[in-house]
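Engineer: One file: work19.pdb (PDB, C-alpha atoms, pLDDT in the B column).
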```pdb
ATOM      1  CA  MET H1329       0.000   0.000   0.000  1.00 70.00           C
ATOM      2  CA  ILE H1330       2.897   2.362   0.731  1.00 86.00           C
ATOM      3  CA  SER H1331       4.306   1.839  -2.767  1.00 90.00           C
ATOM      4  CA  ARG H1332       0.924   2.691  -4.300  1.00 92.00           C
ATOM      5  CA  GLY H1333       0.823   5.892  -2.279  1.00 94.00           C
ATOM      6  CA  LEU H1334       4.359   6.820  -3.336  1.00 96.00           C
ATOM      7  CA  LEU H1335       3.544   6.055  -6.974  1.00 96.00           C
ATOM      8  CA  GLY H1336       0.463   8.235  -6.690  1.00 96.00           C
ATOM      9  CA  LEU H1337       2.475  11.100  -5.186  1.00 96.00           C
ATOM     10  CA  LEU H1338       5.118  10.793  -7.894  1.00 97.00           C
ATOM     11  CA  GLY H1339       2.380  10.724 -10.516  1.00 97.00           C
ATOM     12  CA  LEU H1340       0.894  13.878  -9.022  1.00 97.00           C
ATOM     13  CA  PHE H1341       4.358  15.485  -9.030  1.00 97.00           C
ATOM     14  CA  HIS H1342       4.776  14.741 -12.755  1.00 97.00           C
ATOM     15  CA  LEU H1343       1.218  15.823 -13.567  1.00 98.00           C
ATOM     16  CA  ILE H1344       1.616  19.150 -11.755  1.00 98.00           C
ATOM     17  CA  ASN H1345       5.020  19.733 -13.369  1.00 97.00           C
ATOM     18  CA  GLY H1346       3.521  19.106 -16.812  1.00 98.00           C
ATOM     19  CA  LEU H1347       0.569  21.399 -16.155  1.00 98.00           C
ATOM     20  CA  TRP H1348       2.939  24.122 -14.940  1.00 98.00           C
ATOM     21  CA  MET H1349       4.966  23.716 -18.139  1.00 98.00           C
ATOM     22  CA  LEU H1350       1.831  24.123 -20.259  1.00 98.00           C
ATOM     23  CA  LEU H1351       0.013  26.821 -18.313  1.00 98.00           C
ATOM     24  CA  ALA H1352       2.944  29.027 -17.271  1.00 98.00           C
ATOM     25  CA  PRO H1353       5.949  27.982 -19.371  1.00 98.00           C
ATOM     26  CA  GLU H1354       7.915  31.181 -18.786  1.00 98.00           C
ATOM     27  CA  SER H1355       7.457  30.828 -15.029  1.00 98.00           C
ATOM     28  CA  TRP H1356       8.546  27.176 -15.196  1.00 98.00           C
ATOM     29  CA  TYR H1357      11.554  28.094 -17.359  1.00 98.00           C
ATOM     30  CA  ALA H1358      12.707  30.768 -14.924  1.00 97.00           C
ATOM     31  CA  ALA H1359      12.018  28.811 -11.729  1.00 96.00           C
ATOM     32  CA  VAL H1360      13.612  25.409 -12.335  1.00 94.00           C
ATOM     33  CA  PRO H1361      17.351  25.537 -11.570  1.00 91.00           C
ATOM     34  CA  GLY H1362      19.539  24.915 -14.597  1.00 89.00           C
ATOM     35  CA  VAL H1363      16.845  25.129 -17.267  1.00 93.00           C
ATOM     36  CA  THR H1364      17.923  28.590 -18.452  1.00 94.00           C
ATOM     37  CA  LEU H1365      21.459  27.241 -18.968  1.00 89.00           C
ATOM     38  CA  GLU H1366      20.162  24.699 -21.506  1.00 88.00           C
ATOM     39  CA  GLY H1367      19.282  27.365 -24.072  1.00 93.00           C
ATOM     40  CA  PRO H1368      16.811  30.149 -24.784  1.00 96.00           C
ATOM     41  CA  PHE H1369      13.137  29.894 -23.869  1.00 98.00           C
ATOM     42  CA  ASN H1370      11.312  27.676 -26.359  1.00 97.00           C
ATOM     43  CA  HIS H1371       7.552  27.619 -25.798  1.00 97.00           C
ATOM     44  CA  HIS H1372       6.944  24.723 -28.206  1.00 97.00           C
ATOM     45  CA  PHE H1373       9.641  22.512 -26.681  1.00 97.00           C
ATOM     46  CA  ILE H1374       8.470  23.161 -23.121  1.00 98.00           C
ATOM     47  CA  GLY H1375       4.897  22.401 -24.170  1.00 97.00           C
ATOM     48  CA  ASP H1376       5.912  19.116 -25.800  1.00 97.00           C
ATOM     49  CA  ILE H1377       7.698  18.001 -22.644  1.00 97.00           C
ATOM     50  CA  GLY H1378       4.794  19.244 -20.526  1.00 98.00           C
ATOM     51  CA  PHE H1379       2.422  16.928 -22.385  1.00 98.00           C
ATOM     52  CA  ALA H1380       4.817  14.014 -21.817  1.00 98.00           C
ATOM     53  CA  PHE H1381       4.875  14.717 -18.079  1.00 98.00           C
ATOM     54  CA  ILE H1382       1.074  15.025 -17.973  1.00 98.00           C
ATOM     55  CA  ALA H1383       0.695  11.647 -19.685  1.00 98.00           C
ATOM     56  CA  SER H1384       3.255  10.112 -17.328  1.00 98.00           C
ATOM     57  CA  GLY H1385       1.591  11.543 -14.259  1.00 98.00           C
ATOM     58  CA  ALA H1386      -1.848  10.388 -15.359  1.00 98.00           C
ATOM     59  CA  GLY H1387      -0.541   6.869 -15.981  1.00 97.00           C
ATOM     60  CA  MET H1388       1.199   6.751 -12.631  1.00 97.00           C
ATOM     61  CA  LEU H1389      -1.977   7.892 -10.863  1.00 97.00           C
ATOM     62  CA  MET H1390      -3.482   4.571 -11.940  1.00 96.00           C
ATOM     63  CA  ALA H1391      -1.492   3.211  -8.980  1.00 94.00           C
ATOM     64  CA  PHE H1392      -4.627   3.754  -6.925  1.00 93.00           C
ATOM     65  CA  ARG H1393      -6.522   1.195  -9.027  1.00 93.00           C
ATOM     66  CA  ASN H1394      -6.246  -2.570  -8.895  1.00 92.00           C
ATOM     67  CA  GLY H1395      -5.513  -4.995 -11.697  1.00 94.00           C
ATOM     68  CA  VAL H1396      -3.223  -5.796 -14.564  1.00 96.00           C
ATOM     69  CA  ALA H1397      -4.325  -2.876 -16.752  1.00 96.00           C
ATOM     70  CA  ALA H1398      -3.708  -0.363 -13.955  1.00 95.00           C
ATOM     71  CA  ALA H1399      -0.228  -1.791 -13.327  1.00 96.00           C
ATOM     72  CA  ALA H1400       0.566  -1.551 -17.046  1.00 97.00           C
ATOM     73  CA  PHE H1401      -0.508   2.118 -17.082  1.00 97.00           C
ATOM     74  CA  VAL H1402       1.660   2.809 -14.030  1.00 97.00           C
ATOM     75  CA  LEU H1403       4.701   1.219 -15.682  1.00 97.00           C
ATOM     76  CA  ALA H1404       4.064   3.061 -18.930  1.00 97.00           C
ATOM     77  CA  GLY H1405       3.684   6.325 -17.021  1.00 98.00           C
ATOM     78  CA  ALA H1406       6.944   5.813 -15.158  1.00 98.00           C
ATOM     79  CA  THR H1407       8.895   5.102 -18.349  1.00 98.00           C
ATOM     80  CA  TRP H1408       9.194   8.658 -19.758  1.00 97.00           C
ATOM     81  CA  PRO H1409      10.555  10.200 -16.534  1.00 98.00           C
ATOM     82  CA  ALA H1410      13.044   7.316 -16.187  1.00 98.00           C
ATOM     83  CA  LEU H1411      14.269   7.785 -19.759  1.00 98.00           C
ATOM     84  CA  HIS H1412      14.530  11.527 -19.132  1.00 97.00           C
ATOM     85  CA  ALA H1413      16.600  10.769 -16.013  1.00 98.00           C
ATOM     86  CA  CYS H1414      18.849   8.424 -18.021  1.00 98.00           C
ATOM     87  CA  PHE H1415      19.576  11.282 -20.400  1.00 97.00           C
ATOM     88  CA  HIS H1416      20.633  13.503 -17.480  1.00 96.00           C
ATOM     89  CA  VAL H1417      22.832  10.734 -16.056  1.00 98.00           C
ATOM     90  CA  TRP H1418      24.441  10.352 -19.478  1.00 98.00           C
ATOM     91  CA  GLU H1419      25.113  14.117 -19.580  1.00 96.00           C
ATOM     92  CA  TRP H1420      26.779  13.884 -16.179  1.00 97.00           C
ATOM     93  CA  ILE H1421      28.920  10.974 -17.364  1.00 97.00           C
ATOM     94  CA  THR H1422      29.996  12.706 -20.576  1.00 98.00           C
ATOM     95  CA  ASP H1423      30.125  16.347 -19.428  1.00 96.00           C
ATOM     96  CA  GLY H1424      30.783  16.023 -15.698  1.00 96.00           C
ATOM     97  CA  LEU H1425      28.652  16.997 -12.742  1.00 96.00           C
ATOM     98  CA  PRO H1426      27.107  20.485 -12.703  1.00 94.00           C
ATOM     99  CA  SER H1427      29.261  23.002 -10.867  1.00 93.00           C
ATOM    100  CA  ASP H1428      26.234  24.815  -9.427  1.00 93.00           C
ATOM    101  CA  PRO H1429      25.039  22.948  -6.306  1.00 93.00           C
ATOM    102  CA  HIS H1430      21.429  24.089  -6.903  1.00 91.00           C
ATOM    103  CA  ILE H1431      21.416  22.410 -10.311  1.00 93.00           C
ATOM    104  CA  LEU H1432      23.132  19.322  -8.926  1.00 95.00           C
ATOM    105  CA  VAL H1433      20.503  18.907  -6.202  1.00 94.00           C
ATOM    106  CA  SER H1434      17.546  19.900  -8.399  1.00 93.00           C
ATOM    107  CA  THR H1435      18.498  17.464 -11.147  1.00 95.00           C
ATOM    108  CA  GLY H1436      19.826  14.793  -8.817  1.00 96.00           C
ATOM    109  CA  ILE H1437      16.740  14.638  -6.626  1.00 96.00           C
ATOM    110  CA  GLY H1438      13.988  16.224  -8.727  1.00 94.00           C
ATOM    111  CA  VAL H1439      14.787  14.339 -11.912  1.00 96.00           C
ATOM    112  CA  ILE H1440      17.040  11.341 -11.316  1.00 97.00           C
ATOM    113  CA  VAL H1441      16.037  10.033  -7.867  1.00 97.00           C
ATOM    114  CA  VAL H1442      12.324  10.767  -8.313  1.00 97.00           C
ATOM    115  CA  SER H1443      12.237   9.130 -11.746  1.00 98.00           C
ATOM    116  CA  PHE H1444      14.261   6.030 -10.906  1.00 98.00           C
ATOM    117  CA  LEU H1445      12.282   5.531  -7.690  1.00 97.00           C
ATOM    118  CA  GLY H1446       9.036   5.791  -9.636  1.00 97.00           C
ATOM    119  CA  PHE H1447      10.204   3.329 -12.263  1.00 98.00           C
ATOM    120  CA  ALA H1448      11.437   0.841  -9.648  1.00 97.00           C
ATOM    121  CA  LEU H1449       8.124   0.997  -7.772  1.00 97.00           C
ATOM    122  CA  ALA H1450       6.167   0.709 -11.024  1.00 97.00           C
ATOM    123  CA  TRP H1451       8.261  -2.298 -12.086  1.00 97.00           C
ATOM    124  CA  MET H1452       7.603  -4.007  -8.756  1.00 96.00           C
ATOM    125  CA  ARG H1453       3.891  -3.296  -9.087  1.00 95.00           C
ATOM    126  CA  ALA H1454       3.843  -4.634 -12.658  1.00 96.00           C
ATOM    127  CA  LYS H1455       5.699  -7.746 -11.542  1.00 95.00           C
ATOM    128  CA  GLN H1456       3.199  -8.366  -8.732  1.00 93.00           C
ATOM    129  CA  GLU H1457       0.335  -8.124 -11.222  1.00 92.00           C
ATOM    130  CA  GLY H1458       2.046 -10.364 -13.780  1.00 92.00           C
ATOM    131  CA  VAL H1459       2.578  -7.633 -16.379  1.00 92.00           C
ATOM    132  CA  VAL H1460       6.336  -8.316 -16.607  1.00 90.00           C
TER     133      VAL H1460
END
```
Mind converting the file's structure to structure tokens?
Structural biologist:
Amino acid sequence: MISRGLLGLLGLFHLINGLWMLLAPESWYAAVPGVTLEGPFNHHFIGDIGFAFIASGAGMLMAFRNGVAAAAFVLAGATWPALHACFHVWEWITDGLPSDPHILVSTGIGVIVVSFLGFALAWMRAKQEGVV
């Protein structure tokens, strides 16, 4: 039950992040540490990623439902954030860790830890339901 609650909270986190990206992209761009260092504001790009986070969050919120289909939605929802986290890990491997501690913590916890935790919990849930 605890893992379902955590999956639901992570799903809500991703859903809210995606909605923020869509509804107030300039605010999101300015507020998230390190984003402005990745390049100029791009409304279309932020919107595209916002939709991906909304879909992920909605899928992960299926953690509160029972059954094989719900577990498959949870795993599918957790996949995009985990792949996004893998990309950040790869950047750290190839380019080195960020020198700004705010970016290191924001990306390390807010992207990598949150996403890998969500995927691990979703995988365990899918395994329990016989999806994988």
Engineer: Between atom CA of Phe1444 of chain H and atom CA of Pro1368 of chain H, measure the distance and give it in Å to one decimal.
Structural biologist: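 Value for the atom CA of Phe1444 of chain H-atom CA of Pro1368 of chain H distance: 27.9 Å.
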Engineer: So what do you get for atom CA of Val1433 of chain H versus atom CA of Leu1350 of chain H, distance-wise?
Structural biologist: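 Spanning atom CA of Val1433 of chain H to atom CA of Leu1350 of chain H is a straight-line distance of 23.9 Å.
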Engineer: So, counting all atoms listed in the file, which residue among H:Lys1455, H:His1371, H:His1416, H:Arg1332 is closest to Thr1435 of chain H?
Structural biologist: H:His1416
Engineer: When you count only C-alpha atoms, which of these residues is closest to Gly1336 of chain H: H:Ala1358, H:Met1452, H:Met1388, H:Val1442?
Structural biologist: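 Result for the nearest residue to Gly1336 of chain H: H:Met1388.
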Engineer: Could you please determine the separation between atom CA of Gly1346 of chain H and atom CA of Pro1426 of chain H in Å, to one decimal place?
Structural biologist: 24.0 Å
Engineer: Pick from H:Leu1425, H:Trp1356, H:Leu1337, H:Ile1437: nearest to Leu1449 of chain H, with only C-alpha atoms counted?
Structural biologist: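 Comparing H:Leu1425, H:Trp1356, H:Leu1337, H:Ile1437 against Leu1449 of chain H, the winner is H:Leu1337.
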Engineer: What would the selection look like, as a list of chain:residue names, if the PyMOL selection byres ((chain H and resi 1333) around 12) were run on the coordinates I just shared?
Structural biologist: H:Met1329, H:Ile1330, H:Ser1331, H:Arg1332, H:Leu1334, H:Leu1335, H:Gly1336, H:Leu1337, H:Leu1338, H:Gly1339, H:Leu1340, H:Met1388, H:Leu1389, H:Met1390, H:Ala1391, H:Phe1392, H:Arg1393, H:Gly1446, H:Leu1449, H:Ala1450, H:Arg1453
Engineer: Take the point (20.7, 15.4, -9.5) as written in the file and pick out every residue within 12 Å of it, counting all atoms listed in the file; give the list as a CSV table (one decimal) with C-alpha atoms, in the frame of the given file.
Structural biologist:
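The result, stored in result25.csv:
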```
chain,number,residue,atom,x,y,z
H,1361,PRO,CA,17.4,25.5,-11.6
H,1362,GLY,CA,19.5,24.9,-14.6
H,1413,ALA,CA,16.6,10.8,-16.0
H,1414,CYS,CA,18.8,8.4,-18.0
H,1415,PHE,CA,19.6,11.3,-20.4
H,1416,HIS,CA,20.6,13.5,-17.5
H,1417,VAL,CA,22.8,10.7,-16.1
H,1418,TRP,CA,24.4,10.4,-19.5
H,1419,GLU,CA,25.1,14.1,-19.6
H,1420,TRP,CA,26.8,13.9,-16.2
H,1424,GLY,CA,30.8,16.0,-15.7
H,1425,LEU,CA,28.7,17.0,-12.7
H,1426,PRO,CA,27.1,20.5,-12.7
H,1427,SER,CA,29.3,23.0,-10.9
H,1428,ASP,CA,26.2,24.8,-9.4
H,1429,PRO,CA,25.0,22.9,-6.3
H,1430,HIS,CA,21.4,24.1,-6.9
H,1431,ILE,CA,21.4,22.4,-10.3
H,1432,LEU,CA,23.1,19.3,-8.9
H,1433,VAL,CA,20.5,18.9,-6.2
H,1434,SER,CA,17.5,19.9,-8.4
H,1435,THR,CA,18.5,17.5,-11.1
H,1436,GLY,CA,19.8,14.8,-8.8
H,1437,ILE,CA,16.7,14.6,-6.6
H,1438,GLY,CA,14.0,16.2,-8.7
H,1439,VAL,CA,14.8,14.3,-11.9
H,1440,ILE,CA,17.0,11.3,-11.3
H,1441,VAL,CA,16.0,10.0,-7.9
H,1442,VAL,CA,12.3,10.8,-8.3
H,1443,SER,CA,12.2,9.1,-11.7
H,1444,PHE,CA,14.3,6.0,-10.9
```
Engineer: Care to translate the PyMOL selection byres ((chain H and resi 1400) around 9) into actual residues of this file, as a list in words?
Structural biologist: Gly1387, Met1390, Gly1395, Val1396, Ala1397, Ala1398, Ala1399, Phe1401, Val1402, Leu1403, Ala1404, Gly1405, Ala1450, Arg1453, Ala1454, Glu1457, Val1459 and Val1460 of chain H
Engineer: Please tell me which residues are no farther than 9 Å from (2.7, 16.0, -19.0) in the file, counting only C-alpha atoms, and write them as number ranges by chain.
Structural biologist: H: 1342-1347, 1349-1350, 1375-1386
